[in-house]
Structure formats: structure tokens, C-alpha cells
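J.: I'd like to ask some things about the structure below.
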Amino acid sequence: MRTRIYLEGINLDLYEDLDTTFTYVIDDVKEFGSRNTSFSKTITIPGNTVNNKAFGHIFQFGSANDYDSTQPNIGYNFNASASARCIIFIDQIQVFKGSLRLLEITDTAGELEYQCFVYGELGGFIFELGNRRLQDLDFSDYDLVYSVANIKTSWDNVNGSGVAFPLIDYGNVSTNKDDFQYKAFRPALYVRDYLERIISGTTYTVQSNFFLTALFDRLAIPHNQKRLTKRSTALLDRVASEQTTIDPAFNIEFETGTYGAFTSANNIVYTYAATPSNANINLFVNVDSTGFPSEPVDIRIIKNSTTIASQLVDFAGTFNLIVTNEPFNTGDTLRVQLSTNTRGASITYSAEIQATTQTQIDTEVVLGDTIVINDTIPKGIFQRDFFIWILKMFNLLVYESQFDEKTIIISTFDEFTSNNANTALDWTSKIDREKPIKQVPMSELNARFYQYKFKPDNDYYSEEYRKAYNEGYGDFIYDTEFEFSKETDVLEVGFANSVLYQNVGTTKVYPAIYKLSGSTETPMDHVIRIVQLKKITGVASYDILDNLTVLDSPTAYLYCGHVDDPDNPTNDICFGAPLSLQFTPTGDYPATNLFNTFHSGYIAEITDKNSKLIIAFAYLNTVDIMNLDFSKLVYVDGVLFRLNKVNNYNPIDLGTTEIQLLKVIDL
């Protein structure tokens, strides 16, 4: 038999030589923005002793097994919901390498058959990612203390890994847009780190020169929630040091500790800012005997305007008020009040208030807390989507290594198509002249407009830009000027773009991501963003604050945004230049953007007036298929083409196979 199918290294038995077809493709020009993988039609495999064992006797109604993902997906460990490594040979020549998927099992009068198909490495990689999300990745090795020292240290290490703390105006983090609360510096993780951890969670390896570039080192994903939080049962823990007052009734000011699920502008009234929860409250108050008033001291815990616990004390000592299972909704307030009827009396006291909940909720991270990096990752983003967004954004082509198992190669379009005519294959003699040869002008295949866009978001500056120009900030529309084409093809990535802002008279440029009503800024959860990072030095000294306390006054900051440098930009990760800016760069705005750098060559090739797609039939043998290389040019009748697709190749049939060739316009 000429055909051999190896499933996880096991040679399956076949009825006869394989009678199915394979389609080989990387990027189909007829499907704008697609990222395709090679695949087969249905393959029928007989049920016999060898194959039943290979498929773990899954045909038995009561079959069940313990699956170990670290072991080969074969035999007793076979799992139909997971991919299995598959290689197909014809006449000892490899014609397909990828993964096998079991579709169904049929039993006809005791005769078993397994219906399967195989697909290429990219399909297998995406299949392995399944429904894993970014928050499923483990970044616990990056947990660190939230401190000004760690914030500033990150500015010196823009290298594709680690935790960065760029400056972003999240709303209510600055009164003058020059000095910033420390909360404006939140953790960002690098795109390289995300991808490396996504890939390491699969059985695949990835090779890419683009992933080694300086541009890729600068790409990062900032924190995208309205508050920096961690999962905790501690809702509040604040301490008031010893104080003396002659006020007959006053609220205690707590100076130190953690806010957790609460916020406060004055450290007197605390506002609950997390999801609804029931809280257990412990209040410890020490009243000193020095100057103890003649009347008892009234200690109260007040929620909103209602007292939820109180105690009258007529002697010095430490007193404990306890409240259990008290419901708190977002916006509820909490304060502690001391009072006495003795006029002019002095009260010397210290206090601590603690609030906890039985189930973990998101509580705010404050200076001195440990940042749990896993809690800062954007929520709800599938790993497979994140991976594909990067491919689409930079027009990266993905193909499998010809010989290395489960190895994916990722290249830019220019890198992939860098082969010249000297390495071209001459397929002139392979063309079947007795079958129709179709020449389709690309104007008949392609749209009139190609729209490149980021995912829209509703922060103030993004909405204002969209209202003014009827498109997103940094989006781009390319007009092919095809008279007979009216459609618009869209390539959209799941990242939102960030409008850069610079306050008049200041030297720092940063994304401004918040809602704005009048002069009231409202922090917001926002769509995942992608930015470039760079340490900017030599700016006017500004203050990093904790409320009114100055923590540091640096002359540098970690910039993040769509251009590589806000002062002297040379490249941009917008698809097209924004039509207006909220900052003032020096010199001309760069033309080196995503479209011009990564997409224009591809678009020029498929939309040139002389561009055409040739659909013909060719005599391809197993050696041709084994050596199939989409990056190599093909000669037909002295004209250069790029191979676009091999459609329905049957390795057993001695006939011809449909191929699609795209005319090369410019090398």
C-alpha cells in the first residue's frame, strides 16, 4: 500500500490507499484578513484491532479513561476532544503534517469505521488554546510591592519582559494634569511575555524574527480597569494614632493602613467602591484616662446616616465594637464618631477599624500593598483571539515548519516574500493546457475599500474623535478605485487605540482614558489597549503624590502610546495617521505606520490594475507537495507568480490539481 498514516507515531491500518483531498493554503487573497491552515476532506479509517487500540476502544458505549495531556493522545490515553499528531506519507514521501480530529464513529452490522479529518499546524495550535483566557496565564512570578521605587525601576527596563509602570491618566489622578497621584502608574505587561506564556501552555513552538525586533520589545498591554485591585477578604484596615481633641462630637480621622474596598478623600468618611458584599466590622478604640470627661464617651459606627453599632464608656480603656454580616452596596459610606456631653472636655484616643468579608472580592491596591499581577490582567480575552489580533495587526503570515514537529513559523509579509526570481520554480510544463485557465482581474475579487480599524471604546477623547471624523482614532481606509466594486472589506483587531494627550504648558504626553461630564472625570473599565513604551527623560520636574503628600519629584517618566516617542516620533502603531492630535510632537508626524509598514505591500499586490489571479490545473506529484513552499515564486510562461492555494490535491489520483497563482507586480 502506498499510503501510511501515523497517529502519534502509530501506523494505522487502512482499507486501501488514501482517497481524499488536501487543500494547502496560508493566506487566501480572496478572504481579506484571513489566517488559514491546510486541511483535508473526510478520511475513513477502518475499525480493526490496531486502529481500535489506537483510538482507545472509544467505540464502546461505556468507554471512559483518565486523560493525561502530557502524554501522547493515543491508546488508553486517547481523547477525542483533543488533537492528535498526524503525519501522512504517500510512497514514503510526506504529503501532510498536522493534527487529526475524530468526527464520528459508525457501526454497520458490527463493521466499525472512524470518520476523521486532518488540519495543519496553525489549526492544531488554535485548537489547543481552546477557550483559555489571558487571565488563565500565570504571572505570579511578577508579583511585587506597589512602591515608587518599583515604579521608577521599571522605566529603565523596556525589554519585552517584566512589569512596567507607564503614566496613564485614568481620571481623577491629577488636578493640574502635570503632577500625578501614584495611582496613575499601574502595571503593564509586555506583548512578548503574553505570547511566550500562551505558547508555552501548548505543545507547539514558534519561530519568528519579528518577535526579536526592537518594536516588538516595546509593545505592552496596560492595566484596563478603573481601579487597580486584588482579590481579598480584607475590605478595610485603617489606623488612627493617638490624638487629643476638645470637640464634643467628631469623626475619627484614620491616617494609615489599607483602603481595600473603600475610598476616601479625607480619611474620615469611607465610601464603599466594590461589588455588593456583606462585611464583618471590628472597631478598636482606646480612650486615655488623661482628661477623661465627666460625662461618658459615646462611640459609634455609622453607615450612611444610620448608627449600626454604639457603646457608652465612662472609664478609660480599650473598647471593641463588632458588627457582623452588614450588607454594603457600592456608594455606601462608613465613619466612626466619638462624642460627649461635657463641654470643653478633651478626649485622648487611638483607634483601628477593620472590615472583612467571607468571600473574596476585588479590593483596591494601595501603596505598600503587594500587587497580584494575575489580578491585573484584562478579563475575558481569549488567548486565541489575542494571538490572531497580533497576526492581523502586523500582517503576519503563519506557516508550519516542513520537518520540525509542531513548529510554527511567523513572518512579516515582506520577510515572507523576500525571495527573488533566482529561486523561483518553473511550473510552465506542469500546467494542464487542456483544462480551462482562468484569469480573474483582482478588481472582480476584491472590494472597493479596505478598512483597517481598532475596536471602538467610549472614553471621552475617543468618542470626541469619532464624532468629529466618523472613524476611530488611528483607523485607515484604503480606496482601490475599482469602479465596479462597491463592497468594503474590514480588518478589525480587538485592541482599542489610545488618544494621546498633552496639557498646555506641560512636557508629558500620556493616554487619557476616562469619561468626562463638564469638569467631572469618571474612571472606567475600558477595552484592552496596546501601546509602545519608552522612558522619557529631561521633562520638567513634577510630583508623584499620595493625596497631598509628595512621594517623589522625578524629571522622567515611562511614556506609553501609539508612537514610539511623543517628542520625536519615528514610527506609529496606528493603521493611519490620526486626523487631529491632542499633543504636539516636534517635526513632521511619521508616515511609518501599520498600514505603510506591514500592509501596503500586500494591498499593492492584490489591488494593482495589472494584478490578476490565475486559476489553472497543474500536474503536482508527491515530491512537489512535500517541498511546497508558499514563499517561493513560480514561473509560468516566463511570468512570475506567487502561489496562493493548492485546492483539493488527491495524492492517489494521477490527474491534475487546481492551483491559484497571484501575479507578481513588483519585487
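Chain labels A, B, ... are given in the sequence in which chains occur in the C-alpha cells; within each chain residues are numbered consecutively from 1, and ligands are likewise numbered from 1 in the order shown.
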Going by DSSP on the backbone, which bits of segment 248-412 of chain A are strand (DSSP E)? Write them as a PyMOL selection string, please.
T.: chain A and resi 249-251+256-258+262-263+270-272+277-287+297-303+306-313+317-328+333-339+347-364+370-371+396-400+407-412
J.: Thr586 of chain A: which residues within 8 Å, counting only C-alpha atoms, same-chain residues fewer than 6 positions away excluded, as a list in words?
T.: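 My list of contacting residues is Asp567, Asn568 and Pro569 of chain A.
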J.: Which is closest to Glu405 of chain A among A:Asn329, A:Thr275, A:Thr205, A:Thr363, if we use only C-alpha atoms?
T.: A:Thr205
J.: Which is closest to Ile88 of chain A among A:Val323, A:Pro651, A:Ala240, A:Pro222, if we use only C-alpha atoms?
T.: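 Closest residue, counting only C-alpha atoms: A:Pro651.
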J.: Pick out the residues sitting within 6 Å of Leu640 of chain A, and hand them over as an mmCIF file with N, CA, C and O atoms, in the first residue's frame; count only C-alpha atoms, and ignore anything fewer than 5 positions along from it in its own chain.
T.:
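Saved file part_39.cif follows:
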data_model
loop_
_atom_site.group_PDB
_atom_site.id
_atom_site.type_symbol
_atom_site.label_atom_id
_atom_site.label_comp_id
_atom_site.auth_asym_id
_atom_site.auth_seq_id
_atom_site.Cartn_x
_atom_site.Cartn_y
_atom_site.Cartn_z
ATOM 1 N N VAL A 634 6.793 31.360 -8.504
ATOM 2 C CA VAL A 634 6.545 30.342 -9.518
ATOM 3 C C VAL A 634 6.521 31.014 -10.897
ATOM 4 O O VAL A 634 5.838 32.037 -11.085
ATOM 5 N N TYR A 635 7.274 30.445 -11.836
ATOM 6 C CA TYR A 635 7.242 30.897 -13.227
ATOM 7 C C TYR A 635 6.208 30.090 -14.010
ATOM 8 O O TYR A 635 6.157 28.861 -13.921
ATOM 9 N N VAL A 664 2.866 38.504 -9.746
ATOM 10 C CA VAL A 664 3.790 39.373 -9.016
ATOM 11 C C VAL A 664 3.885 40.707 -9.744
ATOM 12 O O VAL A 664 4.175 40.756 -10.941
#
